[in-house]
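Chemist: Here you go, protein27.txt (compact mmCIF, N, CA and C atoms):
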# COMPACT_ATOMS: atom_id res chain seq x y z
N MET Q 26 0.84 -1.18 0.00
CA MET Q 26 0.00 0.00 0.00
C MET Q 26 0.89 1.25 0.00
N PRO Q 27 0.62 2.20 -0.88
CA PRO Q 27 1.45 3.41 -0.94
C PRO Q 27 1.41 4.21 0.36
N ILE Q 28 2.51 4.87 0.66
CA ILE Q 28 2.59 5.74 1.82
C ILE Q 28 3.01 7.12 1.35
N ASP Q 29 2.79 8.14 2.18
CA ASP Q 29 3.23 9.48 1.77
C ASP Q 29 4.66 9.72 2.24
N CYS Q 30 5.26 10.76 1.71
CA CYS Q 30 6.67 11.03 1.94
C CYS Q 30 6.97 11.30 3.42
N ALA Q 31 6.18 12.15 4.07
CA ALA Q 31 6.44 12.47 5.48
C ALA Q 31 6.36 11.22 6.34
N GLU Q 32 5.41 10.35 6.04
CA GLU Q 32 5.29 9.09 6.79
C GLU Q 32 6.51 8.21 6.54
N ALA Q 33 6.97 8.15 5.28
CA ALA Q 33 8.13 7.35 4.95
C ALA Q 33 9.37 7.83 5.70
N LEU Q 34 9.50 9.13 5.89
CA LEU Q 34 10.67 9.68 6.58
C LEU Q 34 10.75 9.25 8.04
N THR Q 35 9.61 8.85 8.64
CA THR Q 35 9.64 8.37 10.03
C THR Q 35 10.41 7.06 10.13
N ARG Q 36 10.55 6.33 9.01
CA ARG Q 36 11.25 5.04 9.01
C ARG Q 36 12.75 5.18 8.74
N VAL Q 37 13.18 6.39 8.41
CA VAL Q 37 14.59 6.64 8.12
C VAL Q 37 15.28 7.03 9.42
N PRO Q 38 16.23 6.23 9.92
CA PRO Q 38 16.83 6.53 11.22
C PRO Q 38 17.38 7.95 11.33
N LEU Q 39 17.90 8.49 10.26
CA LEU Q 39 18.44 9.84 10.29
C LEU Q 39 17.37 10.88 10.57
N PHE Q 40 16.14 10.64 10.10
CA PHE Q 40 15.07 11.63 10.22
C PHE Q 40 14.01 11.28 11.26
N ALA Q 41 14.02 10.06 11.77
CA ALA Q 41 13.01 9.64 12.75
C ALA Q 41 12.96 10.53 13.99
N PRO Q 42 14.11 11.05 14.50
CA PRO Q 42 14.05 11.88 15.71
C PRO Q 42 13.43 13.26 15.48
N LEU Q 43 13.27 13.68 14.23
CA LEU Q 43 12.70 15.00 13.96
C LEU Q 43 11.24 15.06 14.38
N GLU Q 44 10.81 16.24 14.75
CA GLU Q 44 9.39 16.45 15.06
C GLU Q 44 8.58 16.27 13.78
N GLU Q 45 7.32 15.93 13.93
CA GLU Q 45 6.46 15.70 12.77
C GLU Q 45 6.44 16.89 11.82
N ALA Q 46 6.35 18.11 12.37
CA ALA Q 46 6.32 19.31 11.52
C ALA Q 46 7.62 19.46 10.73
N GLU Q 47 8.75 19.09 11.35
CA GLU Q 47 10.04 19.19 10.66
C GLU Q 47 10.13 18.17 9.54
N ARG Q 48 9.65 16.94 9.80
CA ARG Q 48 9.65 15.92 8.74
C ARG Q 48 8.74 16.34 7.60
N THR Q 49 7.62 16.97 7.92
CA THR Q 49 6.70 17.44 6.88
C THR Q 49 7.37 18.52 6.04
N ARG Q 50 8.09 19.45 6.68
CA ARG Q 50 8.81 20.49 5.92
C ARG Q 50 9.88 19.86 5.03
N LEU Q 51 10.57 18.87 5.55
CA LEU Q 51 11.58 18.19 4.74
C LEU Q 51 10.93 17.46 3.57
N ALA Q 52 9.83 16.79 3.82
CA ALA Q 52 9.11 16.08 2.75
C ALA Q 52 8.66 17.05 1.67
N ASP Q 53 8.29 18.26 2.05
CA ASP Q 53 7.86 19.26 1.08
C ASP Q 53 8.99 19.67 0.13
N GLU Q 54 10.24 19.47 0.56
CA GLU Q 54 11.40 19.82 -0.27
C GLU Q 54 11.77 18.72 -1.26
N MET Q 55 11.20 17.55 -1.09
CA MET Q 55 11.61 16.41 -1.92
C MET Q 55 10.86 16.43 -3.25
N HIS Q 56 11.46 15.78 -4.24
CA HIS Q 56 10.90 15.69 -5.59
C HIS Q 56 10.26 14.32 -5.77
N GLU Q 57 9.04 14.29 -6.29
CA GLU Q 57 8.39 13.01 -6.57
C GLU Q 57 8.86 12.51 -7.94
N LEU Q 58 9.24 11.25 -7.99
CA LEU Q 58 9.73 10.64 -9.22
C LEU Q 58 9.05 9.31 -9.46
N GLY Q 59 8.89 8.96 -10.71
CA GLY Q 59 8.38 7.65 -11.09
C GLY Q 59 9.39 6.93 -11.95
N PHE Q 60 9.47 5.62 -11.80
CA PHE Q 60 10.37 4.79 -12.59
C PHE Q 60 9.60 3.59 -13.10
N GLU Q 61 9.81 3.25 -14.36
CA GLU Q 61 9.19 2.06 -14.93
C GLU Q 61 9.95 0.82 -14.50
N SER Q 62 9.24 -0.28 -14.43
CA SER Q 62 9.85 -1.56 -14.09
C SER Q 62 11.05 -1.82 -15.00
N GLY Q 63 12.16 -2.24 -14.40
CA GLY Q 63 13.38 -2.54 -15.14
C GLY Q 63 14.35 -1.38 -15.28
N SER Q 64 13.92 -0.17 -14.94
CA SER Q 64 14.82 0.97 -15.09
C SER Q 64 15.79 1.07 -13.91
N THR Q 65 16.94 1.67 -14.18
CA THR Q 65 17.96 1.85 -13.15
C THR Q 65 17.77 3.21 -12.50
N ILE Q 66 17.71 3.22 -11.18
CA ILE Q 66 17.53 4.45 -10.43
C ILE Q 66 18.89 5.08 -10.15
N VAL Q 67 19.80 4.30 -9.61
CA VAL Q 67 21.19 4.74 -9.44
C VAL Q 67 22.09 3.57 -9.85
N ARG Q 68 23.30 3.90 -10.24
CA ARG Q 68 24.24 2.89 -10.73
C ARG Q 68 25.46 2.82 -9.82
N GLN Q 69 25.86 1.60 -9.52
CA GLN Q 69 27.06 1.37 -8.71
C GLN Q 69 28.23 2.11 -9.35
N GLY Q 70 28.99 2.83 -8.51
CA GLY Q 70 30.16 3.54 -8.98
C GLY Q 70 29.93 5.01 -9.31
N GLU Q 71 28.66 5.40 -9.60
CA GLU Q 71 28.45 6.83 -9.87
C GLU Q 71 28.43 7.59 -8.56
N ARG Q 72 28.67 8.87 -8.63
CA ARG Q 72 28.75 9.70 -7.42
C ARG Q 72 27.38 10.26 -7.08
N GLY Q 73 27.00 10.16 -5.80
CA GLY Q 73 25.68 10.57 -5.35
C GLY Q 73 25.44 12.06 -5.33
N ALA Q 74 26.44 12.86 -5.04
CA ALA Q 74 26.21 14.31 -4.89
C ALA Q 74 25.99 15.00 -6.23
N ARG Q 75 26.36 14.37 -7.32
CA ARG Q 75 26.20 15.00 -8.63
C ARG Q 75 24.81 14.76 -9.21
N VAL Q 76 24.06 13.87 -8.61
CA VAL Q 76 22.71 13.55 -9.05
C VAL Q 76 21.83 13.56 -7.80
N LEU Q 77 20.58 13.15 -7.95
CA LEU Q 77 19.76 13.01 -6.75
C LEU Q 77 20.42 12.01 -5.83
N ALA Q 78 20.57 12.39 -4.57
CA ALA Q 78 21.38 11.60 -3.64
C ALA Q 78 20.57 10.61 -2.83
N PHE Q 79 19.41 11.01 -2.34
CA PHE Q 79 18.69 10.24 -1.34
C PHE Q 79 17.28 9.94 -1.83
N PHE Q 80 16.83 8.70 -1.65
CA PHE Q 80 15.54 8.26 -2.16
C PHE Q 80 14.76 7.53 -1.07
N VAL Q 81 13.45 7.75 -1.03
CA VAL Q 81 12.53 7.01 -0.18
C VAL Q 81 11.46 6.43 -1.09
N LEU Q 82 11.29 5.12 -1.06
CA LEU Q 82 10.26 4.48 -1.88
C LEU Q 82 8.91 4.64 -1.20
N VAL Q 83 7.90 4.98 -1.99
CA VAL Q 83 6.56 5.11 -1.44
C VAL Q 83 5.57 4.17 -2.12
N ASP Q 84 5.93 3.62 -3.27
CA ASP Q 84 5.07 2.66 -3.96
C ASP Q 84 5.92 1.84 -4.91
N GLY Q 85 5.79 0.53 -4.88
CA GLY Q 85 6.54 -0.35 -5.77
C GLY Q 85 7.69 -1.03 -5.06
N GLU Q 86 8.49 -1.76 -5.85
CA GLU Q 86 9.63 -2.50 -5.30
C GLU Q 86 10.86 -2.29 -6.17
N ALA Q 87 12.02 -2.38 -5.53
CA ALA Q 87 13.30 -2.22 -6.23
C ALA Q 87 14.28 -3.26 -5.70
N ALA Q 88 15.28 -3.57 -6.52
CA ALA Q 88 16.34 -4.49 -6.12
C ALA Q 88 17.64 -3.71 -5.96
N VAL Q 89 18.39 -4.07 -4.93
CA VAL Q 89 19.73 -3.51 -4.72
C VAL Q 89 20.71 -4.55 -5.26
N VAL Q 90 21.53 -4.14 -6.23
CA VAL Q 90 22.43 -5.05 -6.91
C VAL Q 90 23.87 -4.58 -6.70
N ARG Q 91 24.69 -5.44 -6.13
CA ARG Q 91 26.10 -5.11 -5.91
C ARG Q 91 26.96 -6.14 -6.65
N ASP Q 92 27.81 -5.64 -7.52
CA ASP Q 92 28.69 -6.51 -8.31
C ASP Q 92 27.91 -7.61 -9.01
N GLY Q 93 26.72 -7.27 -9.52
CA GLY Q 93 25.91 -8.22 -10.29
C GLY Q 93 24.99 -9.09 -9.47
N ASP Q 94 25.10 -9.08 -8.15
CA ASP Q 94 24.26 -9.92 -7.28
C ASP Q 94 23.21 -9.09 -6.57
N VAL Q 95 21.97 -9.58 -6.54
CA VAL Q 95 20.91 -8.91 -5.78
C VAL Q 95 21.20 -9.15 -4.31
N VAL Q 96 21.38 -8.05 -3.56
CA VAL Q 96 21.72 -8.17 -2.14
C VAL Q 96 20.59 -7.73 -1.22
N ALA Q 97 19.56 -7.07 -1.79
CA ALA Q 97 18.44 -6.63 -0.96
C ALA Q 97 17.26 -6.27 -1.86
N GLN Q 98 16.07 -6.33 -1.28
CA GLN Q 98 14.84 -5.88 -1.94
C GLN Q 98 14.32 -4.67 -1.16
N LEU Q 99 13.88 -3.66 -1.86
CA LEU Q 99 13.33 -2.46 -1.23
C LEU Q 99 11.85 -2.38 -1.50
N ARG Q 100 11.10 -1.96 -0.47
CA ARG Q 100 9.65 -1.84 -0.55
C ARG Q 100 9.24 -0.47 -0.02
N PRO Q 101 7.97 -0.11 -0.14
CA PRO Q 101 7.55 1.20 0.38
C PRO Q 101 8.02 1.42 1.82
N GLY Q 102 8.60 2.60 2.03
CA GLY Q 102 9.15 2.96 3.33
C GLY Q 102 10.64 2.75 3.41
N ASP Q 103 11.20 1.92 2.52
CA ASP Q 103 12.65 1.72 2.50
C ASP Q 103 13.32 2.91 1.82
N PHE Q 104 14.61 3.06 2.05
CA PHE Q 104 15.34 4.22 1.55
C PHE Q 104 16.75 3.82 1.19
N PHE Q 105 17.41 4.67 0.42
CA PHE Q 105 18.83 4.46 0.11
C PHE Q 105 19.45 5.79 -0.27
N GLY Q 106 20.78 5.87 -0.13
CA GLY Q 106 21.52 7.04 -0.55
C GLY Q 106 21.83 8.05 0.53
N GLU Q 107 21.61 7.71 1.80
CA GLU Q 107 21.81 8.70 2.86
C GLU Q 107 23.27 9.15 2.97
N ILE Q 108 24.21 8.29 2.64
CA ILE Q 108 25.62 8.70 2.70
C ILE Q 108 25.89 9.79 1.66
N GLY Q 109 25.22 9.71 0.51
CA GLY Q 109 25.38 10.72 -0.53
C GLY Q 109 24.93 12.11 -0.13
N LEU Q 110 24.16 12.21 0.95
CA LEU Q 110 23.76 13.52 1.44
C LEU Q 110 24.93 14.27 2.06
N PHE Q 111 25.93 13.52 2.54
CA PHE Q 111 27.03 14.13 3.29
C PHE Q 111 28.39 13.98 2.61
N ARG Q 112 28.54 12.99 1.75
CA ARG Q 112 29.83 12.73 1.13
C ARG Q 112 29.66 12.43 -0.34
N ASP Q 113 30.52 12.98 -1.16
CA ASP Q 113 30.51 12.71 -2.59
C ASP Q 113 31.40 11.51 -2.86
N VAL Q 114 30.84 10.32 -2.63
CA VAL Q 114 31.57 9.08 -2.83
C VAL Q 114 30.80 8.21 -3.84
N PRO Q 115 31.48 7.29 -4.49
CA PRO Q 115 30.79 6.43 -5.46
C PRO Q 115 29.71 5.58 -4.78
N ARG Q 116 28.63 5.35 -5.53
CA ARG Q 116 27.56 4.47 -5.04
C ARG Q 116 28.11 3.07 -4.83
N THR Q 117 27.67 2.44 -3.76
CA THR Q 117 28.14 1.09 -3.46
C THR Q 117 27.31 0.01 -4.14
N ALA Q 118 26.18 0.41 -4.75
CA ALA Q 118 25.32 -0.57 -5.40
C ALA Q 118 24.46 0.12 -6.47
N THR Q 119 23.92 -0.69 -7.34
CA THR Q 119 22.92 -0.26 -8.32
C THR Q 119 21.56 -0.53 -7.70
N VAL Q 120 20.61 0.36 -7.92
CA VAL Q 120 19.23 0.12 -7.49
C VAL Q 120 18.37 0.13 -8.75
N ARG Q 121 17.63 -0.97 -8.95
CA ARG Q 121 16.83 -1.17 -10.15
C ARG Q 121 15.37 -1.37 -9.77
N ALA Q 122 14.47 -0.69 -10.48
CA ALA Q 122 13.03 -0.85 -10.25
C ALA Q 122 12.61 -2.26 -10.68
N GLU Q 123 11.99 -2.99 -9.77
CA GLU Q 123 11.47 -4.32 -10.09
C GLU Q 123 10.03 -4.25 -10.56
N THR Q 124 9.33 -3.21 -10.15
CA THR Q 124 7.97 -2.92 -10.59
C THR Q 124 7.96 -1.43 -10.93
N ASP Q 125 6.86 -0.95 -11.51
CA ASP Q 125 6.74 0.50 -11.61
C ASP Q 125 6.79 1.01 -10.18
N LEU Q 126 7.52 2.09 -9.97
CA LEU Q 126 7.60 2.59 -8.60
C LEU Q 126 7.56 4.10 -8.54
N ARG Q 127 7.21 4.55 -7.38
CA ARG Q 127 7.15 5.99 -7.09
C ARG Q 127 8.02 6.21 -5.86
N CYS Q 128 8.81 7.26 -5.91
CA CYS Q 128 9.65 7.59 -4.77
C CYS Q 128 9.78 9.09 -4.65
N PHE Q 129 10.33 9.51 -3.53
CA PHE Q 129 10.67 10.91 -3.30
C PHE Q 129 12.17 10.97 -3.14
N ALA Q 130 12.76 12.06 -3.63
CA ALA Q 130 14.21 12.16 -3.61
C ALA Q 130 14.63 13.61 -3.46
N PHE Q 131 15.85 13.80 -2.99
CA PHE Q 131 16.46 15.11 -3.06
C PHE Q 131 17.96 14.98 -3.21
N SER Q 132 18.54 16.07 -3.68
CA SER Q 132 19.98 16.10 -3.90
C SER Q 132 20.68 16.52 -2.62
N ALA Q 133 21.98 16.33 -2.59
CA ALA Q 133 22.77 16.75 -1.44
C ALA Q 133 22.69 18.25 -1.26
N TRP Q 134 22.71 19.02 -2.36
CA TRP Q 134 22.67 20.48 -2.23
C TRP Q 134 21.30 20.95 -1.76
N ASP Q 135 20.20 20.28 -2.18
CA ASP Q 135 18.88 20.65 -1.66
C ASP Q 135 18.79 20.35 -0.16
N PHE Q 136 19.35 19.21 0.24
CA PHE Q 136 19.34 18.84 1.65
C PHE Q 136 20.14 19.85 2.46
N ARG Q 137 21.31 20.21 1.96
CA ARG Q 137 22.15 21.18 2.68
C ARG Q 137 21.42 22.51 2.83
N ARG Q 138 20.80 22.98 1.77
CA ARG Q 138 20.06 24.23 1.83
C ARG Q 138 18.92 24.14 2.85
N PHE Q 139 18.25 22.99 2.89
CA PHE Q 139 17.17 22.80 3.86
C PHE Q 139 17.71 22.88 5.28
N VAL Q 140 18.78 22.17 5.56
CA VAL Q 140 19.35 22.15 6.92
C VAL Q 140 19.84 23.54 7.30
N GLU Q 141 20.50 24.24 6.37
CA GLU Q 141 20.98 25.59 6.67
C GLU Q 141 19.82 26.55 6.92
N GLY Q 142 18.69 26.31 6.29
CA GLY Q 142 17.52 27.16 6.50
C GLY Q 142 16.72 26.80 7.73
N HIS Q 143 17.01 25.65 8.33
CA HIS Q 143 16.31 25.18 9.52
C HIS Q 143 17.36 24.72 10.54
N PRO Q 144 18.12 25.66 11.12
CA PRO Q 144 19.24 25.27 11.99
C PRO Q 144 18.83 24.44 13.20
N GLN Q 145 17.59 24.54 13.64
CA GLN Q 145 17.16 23.74 14.78
C GLN Q 145 17.20 22.25 14.46
N ILE Q 146 17.12 21.92 13.18
CA ILE Q 146 17.16 20.52 12.76
C ILE Q 146 18.59 20.01 12.72
N ALA Q 147 19.53 20.90 12.43
CA ALA Q 147 20.93 20.49 12.25
C ALA Q 147 21.46 19.75 13.47
N TRP Q 148 21.17 20.25 14.66
CA TRP Q 148 21.69 19.60 15.87
C TRP Q 148 21.11 18.20 16.02
N GLN Q 149 19.82 18.04 15.76
CA GLN Q 149 19.21 16.71 15.85
C GLN Q 149 19.86 15.75 14.86
N LEU Q 150 20.13 16.22 13.66
CA LEU Q 150 20.78 15.38 12.66
C LEU Q 150 22.19 14.99 13.09
N LEU Q 151 22.93 15.94 13.67
CA LEU Q 151 24.27 15.65 14.15
C LEU Q 151 24.25 14.60 15.27
N GLU Q 152 23.30 14.72 16.17
CA GLU Q 152 23.19 13.74 17.26
C GLU Q 152 22.90 12.35 16.70
N THR Q 153 21.99 12.29 15.73
CA THR Q 153 21.64 11.00 15.13
C THR Q 153 22.83 10.40 14.40
N LEU Q 154 23.56 11.22 13.65
CA LEU Q 154 24.75 10.73 12.95
C LEU Q 154 25.80 10.24 13.94
N ALA Q 155 26.01 10.97 15.03
CA ALA Q 155 26.99 10.57 16.03
C ALA Q 155 26.60 9.23 16.65
N GLU Q 156 25.33 9.02 16.91
CA GLU Q 156 24.87 7.75 17.46
C GLU Q 156 25.12 6.61 16.48
N ARG Q 157 24.88 6.85 15.20
CA ARG Q 157 25.10 5.82 14.18
C ARG Q 157 26.58 5.49 14.05
N VAL Q 158 27.44 6.50 14.08
CA VAL Q 158 28.88 6.26 14.01
C VAL Q 158 29.33 5.44 15.22
N ALA Q 159 28.85 5.81 16.41
CA ALA Q 159 29.23 5.06 17.62
C ALA Q 159 28.74 3.62 17.54
N ALA Q 160 27.54 3.41 17.06
CA ALA Q 160 27.01 2.05 16.93
C ALA Q 160 27.81 1.24 15.93
N ASN Q 161 28.20 1.86 14.81
CA ASN Q 161 29.03 1.17 13.82
C ASN Q 161 30.39 0.83 14.39
N ASP Q 162 30.99 1.74 15.16
CA ASP Q 162 32.28 1.48 15.80
C ASP Q 162 32.18 0.32 16.78
N GLU Q 163 31.12 0.31 17.58
CA GLU Q 163 30.93 -0.78 18.54
C GLU Q 163 30.77 -2.12 17.83
N ALA Q 164 30.00 -2.12 16.75
CA ALA Q 164 29.79 -3.36 15.99
C ALA Q 164 31.10 -3.83 15.38
N ALA Q 165 31.91 -2.90 14.87
CA ALA Q 165 33.21 -3.26 14.27
C ALA Q 165 34.14 -3.82 15.33
N ASN Q 166 34.13 -3.23 16.52
CA ASN Q 166 34.99 -3.72 17.61
C ASN Q 166 34.59 -5.12 18.07
N ARG Q 167 33.29 -5.41 18.06
CA ARG Q 167 32.81 -6.73 18.48
C ARG Q 167 33.20 -7.81 17.46
N SER Q 168 33.15 -7.44 16.17
CA SER Q 168 33.43 -8.44 15.14
C SER Q 168 34.91 -8.54 14.79
N GLY Q 169 35.68 -7.54 15.16
CA GLY Q 169 37.10 -7.52 14.77
C GLY Q 169 37.93 -7.84 15.90
Take the structure from the file and write it as structure tokens.
Modeler:
Amino acid sequence: MPIDCAEALTRVPLFAPLEEAERTRLADEMHELGFESGSTIVRQGERGARVLAFFVLVDGEAAVVRDGDVVAQLRPGDFFGEIGLFRDVPRTATVRAETDLRCFAFSAWDFRRFVEGHPQIAWQLLETLAERVAANDEAANRSG
């Protein structure tokens, strides 16, 4: 069942701590896009900051393909590209529409402009990022 953009953002760990009104403002900045089944949304190796960086699926399904292998399936509410909001690094995977799909997206520069225009959100985002980095470090220390 399709969901709206603001609702989808509640499932994104980076944006979940934001107040509902802030998520709604962020959702208003996103671009609605449609992709036909079989089309490529992003390609492994391309840089995220030069194109739309971050995507939230609201209707349809997509496959995440890394080095030719499907490594994940995305459904409404799933997202990808959050690293591209902060760093201009090559995509780690290709994302391909498995069905006709609808998503919302924004570029790194649109996101930056939004955060700069809403400084009260910046601190919440920094706290969330710091928590994610700490959790990744802890997980790496446990496995290494």
Chemist: Of the residues Q:Trp148, Q:Phe40, Q:Phe60, Q:Phe136, which is the one nearest to Glu123 of chain Q, using only N, CA and C atoms?
Modeler: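 Using only N, CA and C atoms, the shortest distance to Glu123 of chain Q belongs to Q:Phe60.
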Chemist: Could you jot down the atom C of Thr117 of chain Q to atom CA of Ala160 of chain Q separation for me, Å, one decimal place?
Modeler: 21.2 Å
Chemist: What's the 7 Å shell around Phe79 of chain Q, counting only C-alpha atoms, without same-chain residues fewer than 4 positions away, as a list in words?
Modeler: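 In the requested format, the answer is Phe105, Gly106, Glu107, Gly109, Leu110, Ala130, Phe131 and Ser132 of chain Q.
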Chemist: Just the number, please: distance in Å from atom N of Ala52 of chain Q to atom CA of Asp162 of chain Q, one decimal.
Modeler: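 Going from atom N of Ala52 of chain Q over to atom CA of Asp162 of chain Q, I get 29.7 Å.
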Chemist: Give me every helix (DSSP H, G or I) residue in chain Q, going by DSSP on the backbone, as a PyMOL selection string.
Modeler: chain Q and resi 30-34+45-54+107-110+133-142+144-168
Chemist: For atom C of Thr124 of chain Q and atom C of Glu86 of chain Q, determine how far apart the two atoms are, in Å to one decimal place.
Modeler: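 Between atom C of Thr124 of chain Q and atom C of Glu86 of chain Q the gap works out to 5.6 Å.
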Chemist: Compare Q:His143, Q:Arg167, Q:Arg72, Q:Arg36 by their minimum atom-to-atom distance to Pro115 of chain Q, counting only C-alpha atoms, and give me the closest one.
Modeler: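 Distance minimum relative to Pro115 of chain Q lands on Q:Arg72.
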Chemist: Return as a ChimeraX atom specification the full set of residues in chain Q whose backbone-based DSSP assignment is strand (DSSP E).
Modeler: /Q:56-60,65-67,77-84,87-91,94-99,104-105,119-122,126-132
Chemist: Under the rule that only C-alpha atoms are counted, which of Q:Glu44, Q:Leu39, Q:Ile108, Q:Asp29 is the nearest residue to Leu82 of chain Q?
Modeler: Q:Asp29
Chemist: Would you pick out the contacts of Glu57 of chain Q at 6.5 Å or less, using all atoms listed in the file, so that residues sharing its chain but fewer than 2 positions from it are not included, and give the list as a ChimeraX atom specification?
Modeler: /Q:55,59,128-130
Chemist: Can you tell me, as a VMD selection string, what residues are no more than 7 Å from Asp103 of chain Q when counting only N, CA and C atoms, ignoring any on the same chain fewer than 5 positions away?
Modeler: chain Q and resid 33 80 to 83
Chemist: Give me a file of those residues, with N, CA and C atoms, as a tab-separated table (two decimals), in the coordinates of the input.
Modeler:
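Ended up saving to again21.tsv:
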chain	number	residue	atom	x	y	z
Q	33	ALA	N	6.97	8.15	5.28
Q	33	ALA	CA	8.13	7.35	4.95
Q	33	ALA	C	9.37	7.83	5.70
Q	80	PHE	N	16.83	8.70	-1.65
Q	80	PHE	CA	15.54	8.26	-2.16
Q	80	PHE	C	14.76	7.53	-1.07
Q	81	VAL	N	13.45	7.75	-1.03
Q	81	VAL	CA	12.53	7.01	-0.18
Q	81	VAL	C	11.46	6.43	-1.09
Q	82	LEU	N	11.29	5.12	-1.06
Q	82	LEU	CA	10.26	4.48	-1.88
Q	82	LEU	C	8.91	4.64	-1.20
Q	83	VAL	N	7.90	4.98	-1.99
Q	83	VAL	CA	6.56	5.11	-1.44
Q	83	VAL	C	5.57	4.17	-2.12
Chemist: Assuming 3 Å of padding per side, give the centre and edge lengths of the axis-aligned box around every listed atom of segment 106-117 of chain Q, in Å to one decimal and as JSON.
Modeler:
{"center_x": 26.2, "center_y": 7.1, "center_z": -1.1, "size_x": 16.8, "size_y": 20.3, "size_z": 14.8}
Chemist: Find, counting all atoms listed in the file, the residue in Q:Val89, Q:Glu61, Q:Leu34, Q:Ala155 that gets nearest to Arg48 of chain Q.
Modeler: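 Closest to Arg48 of chain Q of all the choices is Q:Leu34.
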Chemist: Of the candidates Q:Gly70, Q:Arg91, Q:Gly102, Q:Ala97, which shows the shortest atom-to-atom distance to Arg116 of chain Q, using all atoms listed in the file?
Modeler: Q:Gly70
Chemist: Compare Q:Glu141, Q:Glu156, Q:Asp125, Q:Glu71 by their minimum atom-to-atom distance to Ala87 of chain Q, counting only N, CA and C atoms, and give me the closest one.
Modeler: Q:Asp125
